[in-house]
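Participant: Please find protein_18.pdb (PDB, N, CA and C atoms) on the next line:
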```pdb
ATOM      1  N   MET I   6     -38.748 -72.859-251.544
ATOM      2  CA  MET I   6     -37.544 -73.346-250.888
ATOM      3  C   MET I   6     -36.353 -72.468-251.223
ATOM      4  N   ALA I   7     -36.197 -72.072-252.491
ATOM      5  CA  ALA I   7     -35.074 -71.226-252.895
ATOM      6  C   ALA I   7     -35.132 -69.889-252.179
ATOM      7  N   ASP I   8     -36.342 -69.349-251.964
ATOM      8  CA  ASP I   8     -36.467 -68.081-251.255
ATOM      9  C   ASP I   8     -36.033 -68.223-249.806
ATOM     10  N   ALA I   9     -36.357 -69.347-249.186
ATOM     11  CA  ALA I   9     -35.945 -69.575-247.800
ATOM     12  C   ALA I   9     -34.433 -69.702-247.708
ATOM     13  N   LEU I  10     -33.841 -70.386-248.660
ATOM     14  CA  LEU I  10     -32.390 -70.538-248.675
ATOM     15  C   LEU I  10     -31.713 -69.194-248.903
ATOM     16  N   ALA I  11     -32.233 -68.401-249.826
ATOM     17  CA  ALA I  11     -31.657 -67.089-250.109
ATOM     18  C   ALA I  11     -31.754 -66.184-248.891
ATOM     19  N   GLY I  12     -32.784 -66.346-248.091
ATOM     20  CA  GLY I  12     -32.937 -65.539-246.886
ATOM     21  C   GLY I  12     -31.900 -65.865-245.832
ATOM     22  N   ASP I  13     -31.385 -67.087-245.826
ATOM     23  CA  ASP I  13     -30.376 -67.490-244.853
ATOM     24  C   ASP I  13     -28.991 -66.990-245.215
ATOM     25  N   VAL I  14     -28.766 -66.620-246.467
ATOM     26  CA  VAL I  14     -27.445 -66.204-246.932
ATOM     27  C   VAL I  14     -27.378 -64.682-246.943
ATOM     28  N   GLN I  15     -26.686 -64.135-245.953
ATOM     29  CA  GLN I  15     -26.512 -62.690-245.839
ATOM     30  C   GLN I  15     -25.120 -62.251-246.272
ATOM     31  N   GLU I  16     -24.146 -63.140-246.109
ATOM     32  CA  GLU I  16     -22.764 -62.832-246.469
ATOM     33  C   GLU I  16     -22.088 -64.109-246.944
ATOM     34  N   PRO I  17     -20.934 -63.995-247.601
ATOM     35  CA  PRO I  17     -20.301 -65.181-248.211
ATOM     36  C   PRO I  17     -20.048 -66.336-247.252
ATOM     37  N   LEU I  18     -19.667 -66.067-246.017
ATOM     38  CA  LEU I  18     -19.392 -67.166-245.087
ATOM     39  C   LEU I  18     -20.648 -67.962-244.742
ATOM     40  N   ASP I  19     -21.838 -67.374-244.969
ATOM     41  CA  ASP I  19     -23.077 -68.120-244.740
ATOM     42  C   ASP I  19     -23.192 -69.299-245.699
ATOM     43  N   LEU I  20     -22.682 -69.154-246.911
ATOM     44  CA  LEU I  20     -22.696 -70.270-247.851
ATOM     45  C   LEU I  20     -21.842 -71.420-247.344
ATOM     46  N   ILE I  21     -20.727 -71.093-246.718
ATOM     47  CA  ILE I  21     -19.859 -72.130-246.166
ATOM     48  C   ILE I  21     -20.554 -72.822-245.005
ATOM     49  N   ARG I  22     -21.234 -72.050-244.176
ATOM     50  CA  ARG I  22     -21.971 -72.636-243.044
ATOM     51  C   ARG I  22     -22.991 -73.662-243.534
ATOM     52  N   LEU I  23     -23.654 -73.362-244.634
ATOM     53  CA  LEU I  23     -24.642 -74.285-245.190
ATOM     54  C   LEU I  23     -23.995 -75.542-245.766
ATOM     55  N   SER I  24     -22.668 -75.513-245.971
ATOM     56  CA  SER I  24     -21.961 -76.662-246.547
ATOM     57  C   SER I  24     -21.305 -77.553-245.493
ATOM     58  N   LEU I  25     -21.490 -77.263-244.219
ATOM     59  CA  LEU I  25     -20.913 -78.107-243.173
ATOM     60  C   LEU I  25     -21.442 -79.534-243.303
ATOM     61  N   SER I  26     -20.564 -80.496-243.133
ATOM     62  CA  SER I  26     -20.861 -81.927-243.249
ATOM     63  C   SER I  26     -21.228 -82.343-244.669
ATOM     64  N   GLU I  27     -20.942 -81.499-245.644
ATOM     65  CA  GLU I  27     -21.196 -81.813-247.053
ATOM     66  C   GLU I  27     -19.859 -81.962-247.778
ATOM     67  N   ARG I  28     -19.881 -82.667-248.902
ATOM     68  CA  ARG I  28     -18.676 -82.795-249.741
ATOM     69  C   ARG I  28     -18.524 -81.493-250.519
ATOM     70  N   ILE I  29     -17.322 -80.899-250.442
ATOM     71  CA  ILE I  29     -17.069 -79.619-251.098
ATOM     72  C   ILE I  29     -15.843 -79.718-252.007
ATOM     73  N   PHE I  30     -15.715 -78.742-252.897
ATOM     74  CA  PHE I  30     -14.568 -78.605-253.791
ATOM     75  C   PHE I  30     -13.860 -77.316-253.414
ATOM     76  N   VAL I  31     -12.536 -77.377-253.227
ATOM     77  CA  VAL I  31     -11.741 -76.208-252.856
ATOM     78  C   VAL I  31     -10.588 -76.072-253.833
ATOM     79  N   LYS I  32     -10.420 -74.886-254.397
ATOM     80  CA  LYS I  32      -9.289 -74.614-255.290
ATOM     81  C   LYS I  32      -8.258 -73.819-254.492
ATOM     82  N   LEU I  33      -6.997 -74.254-254.585
ATOM     83  CA  LEU I  33      -5.912 -73.638-253.823
ATOM     84  C   LEU I  33      -4.868 -73.045-254.760
ATOM     85  N   ARG I  34      -4.031 -72.200-254.206
ATOM     86  CA  ARG I  34      -2.883 -71.687-254.962
ATOM     87  C   ARG I  34      -1.992 -72.846-255.370
ATOM     88  N   GLY I  35      -1.208 -72.631-256.422
ATOM     89  CA  GLY I  35      -0.259 -73.653-256.842
ATOM     90  C   GLY I  35      -0.896 -74.793-257.609
ATOM     91  N   ASP I  36      -2.001 -74.533-258.300
ATOM     92  CA  ASP I  36      -2.673 -75.548-259.120
ATOM     93  C   ASP I  36      -3.054 -76.787-258.322
ATOM     94  N   ARG I  37      -3.574 -76.568-257.127
ATOM     95  CA  ARG I  37      -4.033 -77.669-256.273
ATOM     96  C   ARG I  37      -5.546 -77.575-256.104
ATOM     97  N   GLU I  38      -6.181 -78.739-256.052
ATOM     98  CA  GLU I  38      -7.621 -78.809-255.842
ATOM     99  C   GLU I  38      -7.900 -79.878-254.801
ATOM    100  N   LEU I  39      -8.887 -79.614-253.941
ATOM    101  CA  LEU I  39      -9.269 -80.561-252.903
ATOM    102  C   LEU I  39     -10.751 -80.882-253.032
ATOM    103  N   THR I  40     -11.091 -82.119-252.747
ATOM    104  CA  THR I  40     -12.479 -82.532-252.619
ATOM    105  C   THR I  40     -12.568 -83.315-251.323
ATOM    106  N   GLY I  41     -13.530 -82.961-250.482
ATOM    107  CA  GLY I  41     -13.679 -83.664-249.209
ATOM    108  C   GLY I  41     -14.866 -83.148-248.439
ATOM    109  N   VAL I  42     -15.046 -83.683-247.245
ATOM    110  CA  VAL I  42     -16.171 -83.320-246.380
ATOM    111  C   VAL I  42     -15.721 -82.214-245.432
ATOM    112  N   LEU I  43     -16.464 -81.112-245.412
ATOM    113  CA  LEU I  43     -16.146 -79.962-244.562
ATOM    114  C   LEU I  43     -16.669 -80.190-243.152
ATOM    115  N   HIS I  44     -15.775 -80.048-242.165
ATOM    116  CA  HIS I  44     -16.167 -80.224-240.763
ATOM    117  C   HIS I  44     -16.165 -78.910-239.992
ATOM    118  N   ALA I  45     -15.254 -78.005-240.321
ATOM    119  CA  ALA I  45     -15.180 -76.742-239.578
ATOM    120  C   ALA I  45     -14.487 -75.696-240.435
ATOM    121  N   TYR I  46     -14.723 -74.424-240.105
ATOM    122  CA  TYR I  46     -14.092 -73.303-240.812
ATOM    123  C   TYR I  46     -14.060 -72.116-239.861
ATOM    124  N   ASP I  47     -13.303 -71.081-240.249
ATOM    125  CA  ASP I  47     -13.319 -69.841-239.476
ATOM    126  C   ASP I  47     -13.312 -68.658-240.445
ATOM    127  N   GLY I  48     -13.257 -67.464-239.909
ATOM    128  CA  GLY I  48     -13.318 -66.250-240.707
ATOM    129  C   GLY I  48     -12.132 -66.037-241.624
ATOM    130  N   HIS I  49     -11.036 -66.745-241.372
ATOM    131  CA  HIS I  49      -9.852 -66.653-242.231
ATOM    132  C   HIS I  49      -9.904 -67.673-243.365
ATOM    133  N   MET I  50     -10.975 -68.433-243.449
ATOM    134  CA  MET I  50     -11.160 -69.516-244.428
ATOM    135  C   MET I  50     -10.259 -70.713-244.138
ATOM    136  N   ASN I  51      -9.761 -70.837-242.900
ATOM    137  CA  ASN I  51      -9.113 -72.073-242.504
ATOM    138  C   ASN I  51     -10.190 -73.151-242.492
ATOM    139  N   LEU I  52      -9.869 -74.319-243.015
ATOM    140  CA  LEU I  52     -10.855 -75.387-243.139
ATOM    141  C   LEU I  52     -10.330 -76.665-242.515
ATOM    142  N   ILE I  53     -11.222 -77.445-241.925
ATOM    143  CA  ILE I  53     -10.904 -78.798-241.497
ATOM    144  C   ILE I  53     -11.790 -79.712-242.324
ATOM    145  N   MET I  54     -11.134 -80.628-243.051
ATOM    146  CA  MET I  54     -11.838 -81.515-243.969
ATOM    147  C   MET I  54     -11.436 -82.957-243.713
ATOM    148  N   SER I  55     -12.331 -83.885-244.044
ATOM    149  CA  SER I  55     -12.015 -85.314-243.967
ATOM    150  C   SER I  55     -12.272 -85.955-245.322
ATOM    151  N   GLU I  56     -11.798 -87.198-245.463
ATOM    152  CA  GLU I  56     -11.967 -87.952-246.715
ATOM    153  C   GLU I  56     -11.529 -87.104-247.910
ATOM    154  N   VAL I  57     -10.334 -86.539-247.809
ATOM    155  CA  VAL I  57      -9.852 -85.550-248.784
ATOM    156  C   VAL I  57      -9.080 -86.218-249.913
ATOM    157  N   GLU I  58      -9.393 -85.793-251.127
ATOM    158  CA  GLU I  58      -8.587 -86.164-252.292
ATOM    159  C   GLU I  58      -7.982 -84.884-252.841
ATOM    160  N   GLU I  59      -6.646 -84.853-252.907
ATOM    161  CA  GLU I  59      -5.926 -83.700-253.437
ATOM    162  C   GLU I  59      -5.472 -84.013-254.854
ATOM    163  N   THR I  60      -5.689 -83.069-255.765
ATOM    164  CA  THR I  60      -5.232 -83.200-257.142
ATOM    165  C   THR I  60      -4.296 -82.037-257.434
ATOM    166  N   VAL I  61      -3.091 -82.352-257.881
ATOM    167  CA  VAL I  61      -2.091 -81.334-258.219
ATOM    168  C   VAL I  61      -1.805 -81.443-259.708
ATOM    169  N   THR I  62      -1.873 -80.307-260.405
ATOM    170  CA  THR I  62      -1.549 -80.273-261.829
ATOM    171  C   THR I  62      -0.081 -79.911-261.982
ATOM    172  N   LEU I  63       0.674 -80.796-262.630
ATOM    173  CA  LEU I  63       2.108 -80.605-262.814
ATOM    174  C   LEU I  63       2.413 -80.395-264.288
ATOM    175  N   VAL I  64       3.367 -79.522-264.577
ATOM    176  CA  VAL I  64       3.824 -79.299-265.946
ATOM    177  C   VAL I  64       5.182 -79.968-266.074
ATOM    178  N   ASP I  65       5.299 -80.935-266.997
ATOM    179  CA  ASP I  65       6.584 -81.620-267.160
ATOM    180  C   ASP I  65       7.512 -80.812-268.057
ATOM    181  N   GLU I  66       8.726 -81.302-268.243
ATOM    182  CA  GLU I  66       9.745 -80.571-268.997
ATOM    183  C   GLU I  66       9.354 -80.334-270.452
ATOM    184  N   ALA I  67       8.533 -81.210-271.006
ATOM    185  CA  ALA I  67       8.104 -81.070-272.399
ATOM    186  C   ALA I  67       6.901 -80.139-272.539
ATOM    187  N   GLY I  68       6.422 -79.619-271.424
ATOM    188  CA  GLY I  68       5.277 -78.715-271.465
ATOM    189  C   GLY I  68       3.938 -79.417-271.353
ATOM    190  N   GLY I  69       3.945 -80.721-271.154
ATOM    191  CA  GLY I  69       2.701 -81.481-270.991
ATOM    192  C   GLY I  69       2.192 -81.398-269.560
ATOM    193  N   LEU I  70       0.917 -81.654-269.398
ATOM    194  CA  LEU I  70       0.306 -81.615-268.078
ATOM    195  C   LEU I  70       0.147 -83.019-267.525
ATOM    196  N   GLN I  71       0.404 -83.162-266.233
ATOM    197  CA  GLN I  71       0.214 -84.429-265.530
ATOM    198  C   GLN I  71      -0.573 -84.139-264.267
ATOM    199  N   LEU I  72      -1.430 -85.069-263.885
ATOM    200  CA  LEU I  72      -2.183 -84.941-262.645
ATOM    201  C   LEU I  72      -1.624 -85.912-261.617
ATOM    202  N   ALA I  73      -1.368 -85.406-260.424
ATOM    203  CA  ALA I  73      -0.934 -86.240-259.310
ATOM    204  C   ALA I  73      -2.034 -86.189-258.255
ATOM    205  N   LYS I  74      -2.461 -87.362-257.790
ATOM    206  CA  LYS I  74      -3.541 -87.416-256.803
ATOM    207  C   LYS I  74      -3.076 -88.161-255.571
ATOM    208  N   ARG I  75      -3.625 -87.749-254.422
ATOM    209  CA  ARG I  75      -3.390 -88.478-253.177
ATOM    210  C   ARG I  75      -4.602 -88.299-252.273
ATOM    211  N   GLU I  76      -4.788 -89.237-251.369
ATOM    212  CA  GLU I  76      -5.916 -89.192-250.450
ATOM    213  C   GLU I  76      -5.415 -89.068-249.027
ATOM    214  N   MET I  77      -6.178 -88.320-248.213
ATOM    215  CA  MET I  77      -5.830 -88.116-246.809
ATOM    216  C   MET I  77      -7.084 -88.283-245.964
ATOM    217  N   PRO I  78      -6.975 -88.922-244.814
ATOM    218  CA  PRO I  78      -8.167 -89.102-243.980
ATOM    219  C   PRO I  78      -8.648 -87.798-243.335
ATOM    220  N   MET I  79      -7.728 -86.889-242.993
ATOM    221  CA  MET I  79      -8.093 -85.624-242.343
ATOM    222  C   MET I  79      -7.073 -84.580-242.753
ATOM    223  N   LEU I  80      -7.542 -83.326-242.943
ATOM    224  CA  LEU I  80      -6.638 -82.279-243.419
ATOM    225  C   LEU I  80      -7.053 -80.932-242.852
ATOM    226  N   PHE I  81      -6.077 -80.143-242.419
ATOM    227  CA  PHE I  81      -6.286 -78.740-242.063
ATOM    228  C   PHE I  81      -5.790 -77.902-243.241
ATOM    229  N   VAL I  82      -6.642 -77.036-243.766
ATOM    230  CA  VAL I  82      -6.289 -76.197-244.906
ATOM    231  C   VAL I  82      -6.141 -74.767-244.400
ATOM    232  N   ARG I  83      -4.979 -74.184-244.602
ATOM    233  CA  ARG I  83      -4.761 -72.804-244.186
ATOM    234  C   ARG I  83      -5.484 -71.857-245.159
ATOM    235  N   GLY I  84      -6.221 -70.911-244.612
ATOM    236  CA  GLY I  84      -7.091 -70.069-245.401
ATOM    237  C   GLY I  84      -6.417 -69.186-246.412
ATOM    238  N   ASP I  85      -5.167 -68.791-246.195
ATOM    239  CA  ASP I  85      -4.531 -67.867-247.150
ATOM    240  C   ASP I  85      -4.196 -68.547-248.476
ATOM    241  N   GLY I  86      -4.316 -69.870-248.550
ATOM    242  CA  GLY I  86      -4.084 -70.569-249.800
ATOM    243  C   GLY I  86      -5.342 -70.842-250.596
ATOM    244  N   VAL I  87      -6.507 -70.525-250.009
ATOM    245  CA  VAL I  87      -7.790 -70.834-250.658
ATOM    246  C   VAL I  87      -8.108 -69.759-251.699
ATOM    247  N   ILE I  88      -8.442 -70.207-252.921
ATOM    248  CA  ILE I  88      -8.849 -69.295-253.991
ATOM    249  C   ILE I  88     -10.352 -69.321-254.175
ATOM    250  N   LEU I  89     -10.922 -70.538-254.198
ATOM    251  CA  LEU I  89     -12.365 -70.705-254.462
ATOM    252  C   LEU I  89     -12.932 -71.782-253.589
TER     253      LEU I  89
END
```
Rewrite the structure of this file - the entire thing - as structure tokens.

Facilitator:
Amino acid sequence: MADALAGDVQEPLDLIRLSLSERIFVKLRGDRELTGVLHAYDGHMNLIMSEVEETVTLVDEAGGLQLAKREMPMLFVRGDGVIL
């Protein structure tokens, strides 16, 4: 099975194609992370996701870290902000 899967992956965007309709993790610029279901993508890494939970890491004045979370039913992610 692993050999068959490896044969389908010729370039990095093939991995994304295999993740359609699956729950994925996306790391964005600005200490933002998304988890949601991938519905569509393009060559610029623009993504359309549903059931999205966004987590933002904030640094407070004392230097401590805080996490802010929010949920969205549908989200368009611009590809130039995608890191991973």

Participant: Give the answer as one residue: which of I:Asp19, I:Glu58, I:Glu27, I:Asp36 has the shortest atom-to-atom distance to Lys74 (chain I), using all atoms listed in the file?

Facilitator: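 When distances to Lys74 (chain I) are compared using all atoms listed in the file, the smallest one comes from I:Glu58.
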
Participant: To one decimal in Å, tell me the separation between CA of Asn51 (chain I) and atom N of Glu16 (chain I).

Facilitator: 17.9 Å

Participant: I'd like to know which residues of chain I are helix (DSSP H, G or I) (by DSSP, run on the backbone); could you write them as a ChimeraX atom specification?

Facilitator: /I:7-13,17-22,84-86

Participant: Suppose a student applies the PyMOL selection byres ((chain I and resi 80) around 5) to this structure; what residues should they get, written as a list in words?

Facilitator: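 Selection result, ordered by chain and number: Ile53, Met54, Ser55, Pro78, Met79, Phe81 and Val82 of chain I.
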
Participant: Go through I:Leu33, I:Leu89, I:Leu25, I:Met77 and flag the residue nearest Glu56 (chain I), using only C-alpha atoms for the distances.

Facilitator: I:Met77

Participant: I'd like the interatomic distance between CA of Ile21 (chain I) and atom C of Glu59 (chain I), to a tenth of an Å.

Facilitator: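 CA of Ile21 (chain I) sits 20.6 Å away from atom C of Glu59 (chain I).
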
Participant: I:Thr62, I:Gly35, I:Ala73, I:Tyr46: which is nearest Leu20 (chain I), counting only C-alpha atoms?

Facilitator: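 Ranking I:Thr62, I:Gly35, I:Ala73, I:Tyr46 by distance to Leu20 (chain I), first place goes to I:Tyr46.
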
Participant: Can I get C-alpha atoms for region 42-86 of chain I, as a CSV table (one decimal), in the first residue's frame?

Facilitator:
```
chain,number,residue,atom,x,y,z
I,42,VAL,CA,-11.5,20.1,6.4
I,43,LEU,CA,-9.9,20.9,3.1
I,44,HIS,CA,-12.3,21.3,0.2
I,45,ALA,CA,-10.3,23.0,-2.5
I,46,TYR,CA,-6.8,24.4,-3.3
I,47,ASP,CA,-4.8,25.8,-6.2
I,48,GLY,CA,-1.2,26.2,-7.3
I,49,HIS,CA,-0.8,29.3,-5.2
I,50,MET,CA,-1.7,27.3,-2.0
I,51,ASN,CA,-5.0,29.2,-1.7
I,52,LEU,CA,-7.2,26.9,0.4
I,53,ILE,CA,-10.9,26.6,1.0
I,54,MET,CA,-11.6,24.9,4.4
I,55,SER,CA,-14.7,24.2,6.5
I,56,GLU,CA,-15.2,23.5,10.2
I,57,VAL,CA,-12.1,25.6,10.9
I,58,GLU,CA,-10.6,26.3,14.3
I,59,GLU,CA,-8.0,29.1,14.3
I,60,THR,CA,-5.4,29.3,17.1
I,61,VAL,CA,-3.4,32.5,17.5
I,62,THR,CA,-0.4,32.7,19.9
I,63,LEU,CA,-0.2,36.1,21.6
I,64,VAL,CA,2.6,37.5,23.7
I,65,ASP,CA,1.3,39.7,26.5
I,66,GLU,CA,3.2,42.7,28.0
I,67,ALA,CA,4.8,40.5,30.7
I,68,GLY,CA,6.3,38.2,28.0
I,69,GLY,CA,3.9,35.4,28.7
I,70,LEU,CA,2.1,33.4,26.0
I,71,GLN,CA,-1.6,33.3,25.6
I,72,LEU,CA,-3.7,31.3,23.1
I,73,ALA,CA,-6.7,32.8,21.4
I,74,LYS,CA,-9.1,30.4,19.6
I,75,ARG,CA,-12.1,30.9,17.4
I,76,GLU,CA,-14.2,28.7,15.1
I,77,MET,CA,-15.5,29.4,11.6
I,78,PRO,CA,-17.9,27.4,9.5
I,79,MET,CA,-16.0,28.2,6.2
I,80,LEU,CA,-12.8,30.0,5.4
I,81,PHE,CA,-10.7,31.0,2.4
I,82,VAL,CA,-7.0,31.0,3.2
I,83,ARG,CA,-4.7,33.1,0.9
I,84,GLY,CA,-1.7,31.1,-0.1
I,85,ASP,CA,1.0,33.7,0.5
I,86,GLY,CA,0.4,33.3,4.2
```
